[in-house]
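*Asks:* Provided herewith: query-v6.json, JSON, C-alpha atoms.
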```json
[["chain", "number", "residue", "atom", "x", "y", "z"],
["C", 1, "MET", "CA", -5.96, 2.47, 4.36],
["C", 2, "THR", "CA", -6.20, -0.64, 2.20],
["C", 3, "ALA", "CA", -8.36, -0.52, -0.89],
["C", 4, "ASP", "CA", -9.98, -3.58, -2.40],
["C", 5, "ILE", "CA", -8.32, -3.82, -5.78],
["C", 6, "THR", "CA", -11.46, -5.26, -7.35],
["C", 7, "LYS", "CA", -13.58, -2.20, -6.51],
["C", 8, "ARG", "CA", -14.57, 0.67, -8.80],
["C", 9, "LYS", "CA", -15.32, -1.38, -11.84],
["C", 10, "GLN", "CA", -16.63, 0.77, -14.65],
["C", 11, "PRO", "CA", -18.90, -0.59, -17.36],
["C", 12, "GLN", "CA", -16.92, -1.19, -20.53],
["C", 13, "SER", "CA", -17.59, 1.64, -22.94],
["C", 14, "VAL", "CA", -17.53, 1.75, -26.70],
["C", 15, "GLU", "CA", -14.25, 2.21, -28.50],
["C", 16, "PRO", "CA", -13.19, 5.80, -27.82],
["C", 17, "THR", "CA", -12.69, 8.12, -30.74],
["C", 18, "ARG", "CA", -11.21, 11.59, -30.55],
["C", 19, "GLU", "CA", -14.73, 13.04, -30.62],
["C", 20, "ASN", "CA", -16.63, 10.94, -28.09],
["C", 21, "ARG", "CA", -14.07, 11.21, -25.30],
["C", 22, "PRO", "CA", -15.00, 13.29, -22.27],
["C", 23, "VAL", "CA", -13.21, 16.63, -22.29],
["C", 24, "VAL", "CA", -11.04, 17.20, -19.23],
["C", 25, "TYR", "CA", -9.21, 20.31, -18.03],
["C", 26, "PRO", "CA", -5.59, 19.33, -17.51],
["C", 27, "VAL", "CA", -4.09, 20.59, -14.26],
["C", 28, "VAL", "CA", -1.83, 23.53, -15.07],
["C", 29, "ASN", "CA", 0.77, 25.56, -13.21],
["C", 30, "VAL", "CA", 2.00, 28.87, -14.60],
["C", 31, "HIS", "CA", 5.23, 30.50, -13.46],
["C", 32, "GLU", "CA", 6.53, 33.91, -14.44],
["C", 33, "THR", "CA", 10.21, 34.47, -15.04],
["C", 34, "ASP", "CA", 12.11, 37.51, -16.29],
["C", 35, "ASP", "CA", 12.05, 36.03, -19.80],
["C", 36, "GLY", "CA", 8.44, 34.92, -19.92],
["C", 37, "TYR", "CA", 5.95, 32.41, -18.58],
["C", 38, "ASP", "CA", 6.30, 28.67, -18.13],
["C", 39, "VAL", "CA", 3.01, 26.81, -18.47],
["C", 40, "LYS", "CA", 3.22, 23.25, -17.17],
["C", 41, "ALA", "CA", 0.26, 21.01, -17.97],
["C", 42, "SER", "CA", -0.24, 17.54, -16.55],
["C", 43, "LEU", "CA", -0.97, 15.21, -19.46],
["C", 44, "PRO", "CA", -0.39, 11.64, -18.25],
["C", 45, "GLY", "CA", -0.53, 8.96, -20.93],
["C", 46, "VAL", "CA", -0.11, 11.44, -23.77],
["C", 47, "ALA", "CA", 2.38, 10.84, -26.59],
["C", 48, "GLU", "CA", 4.09, 13.71, -28.41],
["C", 49, "SER", "CA", 2.13, 13.01, -31.59],
["C", 50, "ASP", "CA", -1.18, 13.33, -29.71],
["C", 51, "VAL", "CA", -0.67, 16.92, -28.56],
["C", 52, "THR", "CA", -1.88, 19.89, -30.55],
["C", 53, "LEU", "CA", -0.79, 23.36, -29.58],
["C", 54, "SER", "CA", -2.23, 26.30, -31.46],
["C", 55, "VAL", "CA", -2.20, 30.08, -31.26],
["C", 56, "GLU", "CA", -4.94, 32.08, -32.92],
["C", 57, "ASN", "CA", -5.95, 35.67, -32.21],
["C", 58, "ARG", "CA", -3.89, 35.80, -29.01],
["C", 59, "THR", "CA", -5.50, 32.57, -27.79],
["C", 60, "LEU", "CA", -3.37, 29.57, -26.90],
["C", 61, "THR", "CA", -5.10, 26.19, -27.07],
["C", 62, "ILE", "CA", -3.64, 23.01, -25.64],
["C", 63, "GLU", "CA", -5.35, 19.85, -26.83],
["C", 64, "ALA", "CA", -4.34, 16.24, -26.39],
["C", 65, "ILE", "CA", -5.68, 12.73, -26.19],
["C", 66, "ASN", "CA", -4.29, 10.10, -23.85],
["C", 67, "THR", "CA", -3.72, 6.40, -24.20],
["C", 68, "ALA", "CA", -5.70, 4.43, -21.64],
["C", 69, "ALA", "CA", -6.45, 1.17, -23.34],
["C", 70, "VAL", "CA", -7.08, -2.21, -21.78],
["C", 71, "PRO", "CA", -3.95, -4.29, -22.49],
["C", 72, "GLU", "CA", -4.45, -7.09, -25.01],
["C", 73, "GLY", "CA", -5.87, -10.19, -23.36],
["C", 74, "TYR", "CA", -6.79, -8.49, -20.08],
["C", 75, "THR", "CA", -10.11, -7.57, -18.49],
["C", 76, "THR", "CA", -10.69, -4.48, -16.36],
["C", 77, "LEU", "CA", -10.94, -4.88, -12.60],
["C", 78, "ARG", "CA", -10.74, -1.27, -11.61],
["C", 79, "GLN", "CA", -10.86, 1.90, -13.67],
["C", 80, "GLU", "CA", -10.17, 5.30, -12.17],
["C", 81, "PHE", "CA", -9.05, 6.96, -15.40],
["C", 82, "GLY", "CA", -10.06, 6.38, -18.98],
["C", 83, "PRO", "CA", -9.63, 7.76, -22.47],
["C", 84, "VAL", "CA", -10.10, 11.54, -22.35],
["C", 85, "ARG", "CA", -9.52, 14.60, -24.47],
["C", 86, "TYR", "CA", -7.53, 17.21, -22.60],
["C", 87, "ARG", "CA", -8.34, 20.77, -23.58],
["C", 88, "ARG", "CA", -7.39, 24.09, -22.09],
["C", 89, "VAL", "CA", -7.51, 27.57, -23.58],
["C", 90, "PHE", "CA", -5.52, 30.61, -22.45],
["C", 91, "GLU", "CA", -5.64, 34.22, -23.48],
["C", 92, "LEU", "CA", -2.16, 35.52, -24.13],
["C", 93, "PRO", "CA", -1.17, 38.88, -22.69],
["C", 94, "ASP", "CA", -0.10, 41.43, -25.32],
["C", 95, "HIS", "CA", 3.48, 41.38, -24.12],
["C", 96, "VAL", "CA", 3.93, 37.69, -25.01],
["C", 97, "ASP", "CA", 5.75, 37.09, -28.27],
["C", 98, "ALA", "CA", 3.44, 34.52, -29.87],
["C", 99, "ASP", "CA", 5.99, 33.70, -32.59],
["C", 100, "GLY", "CA", 8.54, 32.62, -30.02],
["C", 101, "ILE", "CA", 6.41, 30.06, -28.18],
["C", 102, "THR", "CA", 8.09, 26.68, -27.72],
["C", 103, "ALA", "CA", 6.85, 23.47, -26.11],
["C", 104, "ALA", "CA", 8.24, 20.16, -24.90],
["C", 105, "LEU", "CA", 6.59, 17.02, -23.55],
["C", 106, "ALA", "CA", 8.36, 14.84, -21.01],
["C", 107, "GLN", "CA", 6.81, 11.98, -19.02],
["C", 108, "GLY", "CA", 3.27, 13.30, -19.17],
["C", 109, "VAL", "CA", 4.14, 16.93, -18.47],
["C", 110, "LEU", "CA", 3.86, 19.50, -21.24],
["C", 111, "THR", "CA", 5.96, 22.62, -20.74],
["C", 112, "VAL", "CA", 5.01, 25.59, -22.89],
["C", 113, "LYS", "CA", 7.38, 28.55, -22.83],
["C", 114, "LEU", "CA", 5.77, 31.89, -23.58],
["C", 115, "PRO", "CA", 8.54, 34.45, -24.11],
["C", 116, "LYS", "CA", 7.98, 38.09, -23.26],
["C", 117, "ARG", "CA", 8.65, 40.71, -25.92],
["C", 118, "GLU", "CA", 12.09, 42.24, -25.61],
["C", 119, "GLU", "CA", 10.76, 45.67, -24.67],
["C", 120, "VAL", "CA", 9.02, 44.42, -21.50],
["C", 121, "LYS", "CA", 11.89, 42.31, -20.19],
["C", 122, "PRO", "CA", 13.62, 43.83, -17.20],
["C", 123, "ARG", "CA", 16.87, 45.43, -18.22],
["C", 124, "ARG", "CA", 19.83, 46.51, -16.22],
["C", 125, "ILE", "CA", 21.08, 49.92, -17.22],
["C", 126, "ALA", "CA", 24.71, 50.58, -16.69],
["C", 127, "VAL", "CA", 25.48, 53.72, -14.76],
["C", 128, "LYS", "CA", 28.50, 55.54, -16.13],
["C", 129, "ALA", "CA", 30.79, 57.52, -13.96],
["C", 130, "ALA", "CA", 30.61, 61.20, -14.71],
["Y", 1, "MET", "CA", -14.45, -13.18, -4.79],
["Y", 2, "MET", "CA", -16.72, -14.47, -7.54],
["Y", 3, "THR", "CA", -19.78, -12.95, -5.89],
["Y", 4, "LEU", "CA", -18.12, -9.56, -5.65],
["Y", 5, "ARG", "CA", -17.12, -9.60, -9.26],
["Y", 6, "GLY", "CA", -20.61, -10.65, -10.28],
["Y", 7, "ILE", "CA", -22.07, -7.56, -8.63],
["Y", 8, "HIS", "CA", -19.58, -5.27, -10.29],
["Y", 9, "LEU", "CA", -20.38, -6.60, -13.72],
["Y", 10, "ASN", "CA", -24.05, -5.69, -13.36],
["Y", 11, "PRO", "CA", -24.40, -2.22, -14.90],
["Y", 12, "TRP", "CA", -27.60, -1.57, -12.95],
["Y", 13, "SER", "CA", -26.23, -2.30, -9.53],
["Y", 14, "LEU", "CA", -26.30, 0.42, -6.91],
["Y", 15, "PHE", "CA", -22.57, 0.06, -6.61],
["Y", 16, "ASP", "CA", -21.95, 1.20, -10.16],
["Y", 17, "GLU", "CA", -24.41, 4.06, -9.76],
["Y", 18, "LEU", "CA", -22.44, 5.24, -6.76],
["Y", 19, "THR", "CA", -19.14, 4.78, -8.56],
["Y", 20, "ASP", "CA", -20.49, 6.85, -11.42],
["Y", 21, "LEU", "CA", -21.62, 9.57, -9.01],
["Y", 22, "ASP", "CA", -18.23, 9.46, -7.35],
["Y", 23, "ARG", "CA", -16.59, 9.93, -10.71],
["Y", 24, "ARG", "CA", -18.85, 12.83, -11.64],
["Y", 25, "LEU", "CA", -18.01, 14.51, -8.35],
["Y", 26, "ASP", "CA", -14.32, 13.95, -8.98],
["Y", 27, "ASP", "CA", -14.68, 15.48, -12.44],
["Y", 28, "ALA", "CA", -16.68, 18.41, -11.03],
["Y", 29, "PHE", "CA", -13.99, 19.11, -8.48],
["Y", 30, "ARG", "CA", -11.28, 18.85, -11.06],
["Y", 31, "VAL", "CA", -13.03, 21.22, -13.45],
["Y", 32, "SER", "CA", -13.63, 23.83, -10.75],
["Y", 33, "GLY", "CA", -9.93, 23.77, -9.91],
["Y", 34, "LEU", "CA", -10.42, 22.50, -6.38],
["Y", 35, "ALA", "CA", -8.41, 19.58, -5.10],
["Y", 36, "SER", "CA", -9.86, 16.32, -6.30],
["Y", 37, "ARG", "CA", -11.35, 14.11, -3.63],
["Y", 38, "ALA", "CA", -9.87, 11.11, -5.37],
["Y", 39, "GLN", "CA", -6.78, 9.45, -4.07],
["Y", 40, "TYR", "CA", -3.45, 10.07, -5.75],
["Y", 41, "PRO", "CA", -2.42, 8.55, -8.03],
["Y", 42, "ARG", "CA", -5.42, 7.30, -9.97],
["Y", 43, "VAL", "CA", -5.04, 3.70, -11.05],
["Y", 44, "ASN", "CA", -6.48, 1.21, -13.51],
["Y", 45, "VAL", "CA", -6.19, -2.48, -12.80],
["Y", 46, "TYR", "CA", -6.38, -5.19, -15.44],
["Y", 47, "GLU", "CA", -6.43, -8.95, -14.98],
["Y", 48, "ASN", "CA", -5.69, -12.03, -16.98],
["Y", 49, "GLU", "CA", -5.00, -15.65, -16.09],
["Y", 50, "SER", "CA", -1.39, -15.09, -15.15],
["Y", 51, "GLY", "CA", -1.80, -11.98, -13.06],
["Y", 52, "LEU", "CA", -2.61, -8.28, -12.87],
["Y", 53, "VAL", "CA", -1.39, -5.10, -14.46],
["Y", 54, "LEU", "CA", -1.76, -1.91, -12.44],
["Y", 55, "GLU", "CA", -1.36, 1.42, -14.21],
["Y", 56, "ALA", "CA", -0.94, 4.64, -12.23],
["Y", 57, "GLU", "CA", -1.05, 8.19, -13.58],
["Y", 58, "LEU", "CA", 2.14, 9.78, -12.24],
["Y", 59, "PRO", "CA", 3.08, 12.57, -14.63],
["Y", 60, "GLY", "CA", 6.52, 14.10, -14.17],
["Y", 61, "VAL", "CA", 7.67, 12.00, -11.24],
["Y", 62, "ASP", "CA", 11.20, 10.83, -10.74],
["Y", 63, "PRO", "CA", 11.01, 7.00, -10.91],
["Y", 64, "ALA", "CA", 13.80, 6.87, -8.31],
["Y", 65, "LYS", "CA", 11.38, 8.46, -5.84],
["Y", 66, "VAL", "CA", 8.70, 5.83, -6.29],
["Y", 67, "GLU", "CA", 8.69, 2.70, -4.18],
["Y", 68, "ILE", "CA", 6.69, -0.42, -5.03],
["Y", 69, "THR", "CA", 6.33, -3.10, -2.38],
["Y", 70, "ALA", "CA", 4.57, -6.35, -3.16],
["Y", 71, "ASP", "CA", 4.26, -8.69, -0.25],
["Y", 72, "GLY", "CA", 1.89, -11.63, -0.50],
["Y", 73, "ASP", "CA", -1.49, -10.18, -1.42],
["Y", 74, "GLU", "CA", -0.62, -6.60, -0.53],
["Y", 75, "LEU", "CA", 0.73, -3.97, -2.90],
["Y", 76, "ILE", "CA", 2.01, -0.63, -1.65],
["Y", 77, "LEU", "CA", 2.74, 2.18, -4.06],
["Y", 78, "LYS", "CA", 4.35, 5.19, -2.49],
["Y", 79, "GLY", "CA", 6.74, 8.00, -3.18],
["Y", 80, "THR", "CA", 7.05, 11.73, -3.57],
["Y", 81, "ARG", "CA", 6.31, 14.10, -6.40],
["Y", 82, "ARG", "CA", 7.52, 17.62, -6.91],
["Y", 83, "VAL", "CA", 4.79, 20.26, -6.98],
["Y", 84, "ASP", "CA", 5.82, 23.92, -7.12],
["Y", 85, "GLY", "CA", 9.21, 23.16, -5.60],
["Y", 86, "GLU", "CA", 7.72, 21.10, -2.81],
["Y", 87, "GLU", "CA", 8.05, 17.34, -2.35],
["Y", 88, "LEU", "CA", 4.56, 15.92, -1.74],
["Y", 89, "ALA", "CA", 4.24, 12.38, -0.45],
["Y", 90, "PHE", "CA", 1.69, 9.92, -1.82],
["Y", 91, "GLU", "CA", 0.78, 6.40, -0.83],
["Y", 92, "ARG", "CA", -1.81, 3.86, -1.92],
["Y", 93, "ARG", "CA", -2.31, 0.33, -0.68],
["Y", 94, "PHE", "CA", -4.13, -2.42, -2.50],
["Y", 95, "THR", "CA", -5.24, -5.89, -1.58],
["Y", 96, "LEU", "CA", -4.60, -8.22, -4.48],
["Y", 97, "PRO", "CA", -7.00, -11.04, -5.28],
["Y", 98, "PHE", "CA", -4.02, -13.43, -5.10],
["Y", 99, "ALA", "CA", -0.55, -13.70, -3.65],
["Y", 100, "THR", "CA", 2.24, -12.41, -5.85],
["Y", 101, "GLU", "CA", 5.94, -13.19, -5.98],
["Y", 102, "SER", "CA", 7.89, -10.00, -5.41],
["Y", 103, "ASP", "CA", 10.70, -11.31, -7.63],
["Y", 104, "GLY", "CA", 8.37, -11.50, -10.60],
["Y", 105, "VAL", "CA", 6.99, -7.95, -10.30],
["Y", 106, "VAL", "CA", 8.04, -5.73, -13.20],
["Y", 107, "ALA", "CA", 7.47, -1.98, -13.41],
["Y", 108, "ASN", "CA", 8.00, 0.49, -16.20],
["Y", 109, "TYR", "CA", 7.41, 4.20, -16.54],
["Y", 110, "LYS", "CA", 6.31, 5.67, -19.85],
["Y", 111, "LEU", "CA", 4.50, 8.89, -20.85],
["Y", 112, "GLY", "CA", 4.01, 9.69, -17.17],
["Y", 113, "VAL", "CA", 2.18, 6.43, -16.51],
["Y", 114, "LEU", "CA", 3.67, 3.79, -14.23],
["Y", 115, "SER", "CA", 2.76, 0.24, -15.21],
["Y", 116, "ILE", "CA", 3.28, -2.59, -12.73],
["Y", 117, "ALA", "CA", 2.91, -6.22, -13.80],
["Y", 118, "LEU", "CA", 2.11, -8.53, -10.91],
["Y", 119, "PRO", "CA", 2.27, -12.23, -11.72],
["Y", 120, "LYS", "CA", 0.32, -14.67, -9.60],
["Y", 121, "SER", "CA", 2.60, -16.68, -7.42],
["Y", 122, "LYS", "CA", 3.05, -20.19, -8.81],
["Y", 123, "HIS", "CA", 1.45, -21.46, -5.68],
["Y", 124, "ALA", "CA", -1.80, -19.69, -6.56],
["Y", 125, "ALA", "CA", -1.74, -20.11, -10.34],
["Y", 126, "LYS", "CA", -4.05, -22.66, -11.86],
["Y", 127, "ARG", "CA", -2.30, -25.83, -12.84],
["Y", 128, "SER", "CA", -3.56, -28.37, -15.22],
["Y", 129, "ILE", "CA", -3.10, -31.84, -13.82],
["Y", 130, "ALA", "CA", -2.57, -34.67, -16.19],
["Y", 131, "ILE", "CA", -4.66, -37.75, -15.52],
["Y", 132, "GLN", "CA", -2.71, -40.88, -15.89],
["Y", 133, "ALA", "CA", -4.34, -43.89, -17.42],
["Y", 134, "ALA", "CA", -4.39, -46.92, -15.19]]
```
Before anything else, please render the file you have as structure tokens.
*Replies:*
Amino acid sequence: MTADITKRKQPQSVEPTRENRPVVYPVVNVHETDDGYDVKASLPGVAESDVTLSVENRTLTIEAINTAAVPEGYTTLRQEFGPVRYRRVFELPDHVDADGITAALAQGVLTVKLPKREEVKPRRIAVKAA
Amino acid sequence: MMTLRGIHLNPWSLFDELTDLDRRLDDAFRVSGLASRAQYPRVNVYENESGLVLEAELPGVDPAKVEITADGDELILKGTRRVDGEELAFERRFTLPFATESDGVVANYKLGVLSIALPKSKHAAKRSIAIQAA
């Protein structure tokens, strides 16, 4: 299927601020490992300095703003994505060690590692010969 | 070409209303966690006198698995992305408002956004012609 590149023109909006941007749920995948949970959030166009990750009362909040600006000297022909504020809130299970949470952003994907507390990690118990 | 663009610039046109509805539906689907009806990847297209810039949201893709083909006035963007250990194929085709020279096409991938600069072919670019005095 061939799309007309000039279609889907959106009216030019006012300069976006952090507040007036539409709030969008980023797409998220969560995987469980023996050590914890990996939360991967799709945040295209987001720079490291524009991500805020916070934990409060067992609630993890991911917030970010993207860069989707018209390049200098250009006019818009087609706009399918615009400036947004990504926001997603998760409740942390009790067995997640909130102090050990780490996060990394690479090419528009934020990976948040939620480690499990030591006591809930599967352990192998050595069996001694009698 | 000019007529089409004229319609799009009118904020009250039915076309824009429909586009807006389309967008709302896309957002609604996204929020509810269902697959978006929109094509993947989403793109923005910008124009100036010398050509176009197309930006595509492709978070976490391997640039080596993305193929850009510019041939005359057609642009094909295709590749695969890894989702939950599975390679999913994507493809979008666009008709450009001008012919481009494939040699001049430059792409770069930053913050999960692929940006493709498509210069107008010299053949199609506006030239200013000097008028010689008699």
*Asks:* Looking at all atoms listed in the file, which of C:Ser49, C:Thr61, C:Thr76, C:Asn66 is the one that sits closest to Pro22 in chain C?
*Replies:*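 The answer is C:Asn66, which sits nearest to Pro22 in chain C.
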*Asks:* Taking only C-alpha atoms into account, report as a compact mmCIF listing (two decimals) with C-alpha atoms, in the coordinates of the input which residues of chain Y lie within 6 Å of chain C.
*Replies:*
```txt
# COMPACT_ATOMS: atom_id res chain seq x y z
CA HIS Y 8 -19.58 -5.27 -10.29
CA ARG Y 42 -5.42 7.30 -9.97
CA VAL Y 43 -5.04 3.70 -11.05
CA ASN Y 44 -6.48 1.21 -13.51
CA VAL Y 45 -6.19 -2.48 -12.80
CA TYR Y 46 -6.38 -5.19 -15.44
CA GLU Y 47 -6.43 -8.95 -14.98
CA ASN Y 48 -5.69 -12.03 -16.98
CA GLU Y 57 -1.05 8.19 -13.58
CA PRO Y 59 3.08 12.57 -14.63
CA GLY Y 60 6.52 14.10 -14.17
CA ARG Y 93 -2.31 0.33 -0.68
CA PHE Y 94 -4.13 -2.42 -2.50
CA THR Y 95 -5.24 -5.89 -1.58
CA LEU Y 96 -4.60 -8.22 -4.48
CA LEU Y 111 4.50 8.89 -20.85
CA GLY Y 112 4.01 9.69 -17.17
CA VAL Y 113 2.18 6.43 -16.51
```
*Asks:* For the atom pair CA of Arg82 in chain Y and CA of Asp62 in chain Y, what is the interatomic distance in Å to one decimal place?
*Replies:*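 So the answer is 8.6 Å.
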*Asks:* Quote the spacing between CA of Leu58 in chain Y and CA of Ser54 in chain C in Å to one decimal place.
*Replies:*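 Separation of CA of Leu58 in chain Y and CA of Ser54 in chain C: 25.7 Å.
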*Asks:* Just to confirm, what's the straight-line distance from CA of Lys110 in chain Y to CA of Leu114 in chain C in Å (one decimal)?
*Replies:*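 Taking CA of Lys110 in chain Y and CA of Leu114 in chain C, their separation equals 26.5 Å.
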*Asks:* Show me, as a list in words, the residues that have an atom within 12 Å of Ser102 in chain Y when counting only C-alpha atoms, minus same-chain residues fewer than 2 positions from it.
*Replies:*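 Selected residues are Ile68, Thr69, Ala70, Asp71, Gly72, Asp73, Glu74, Leu75, Ile76, Ala99, Thr100, Gly104, Val105, Val106, Ala107, Ile116, Ala117, Leu118, Pro119, Lys120, Ser121 and Lys122 of chain Y.
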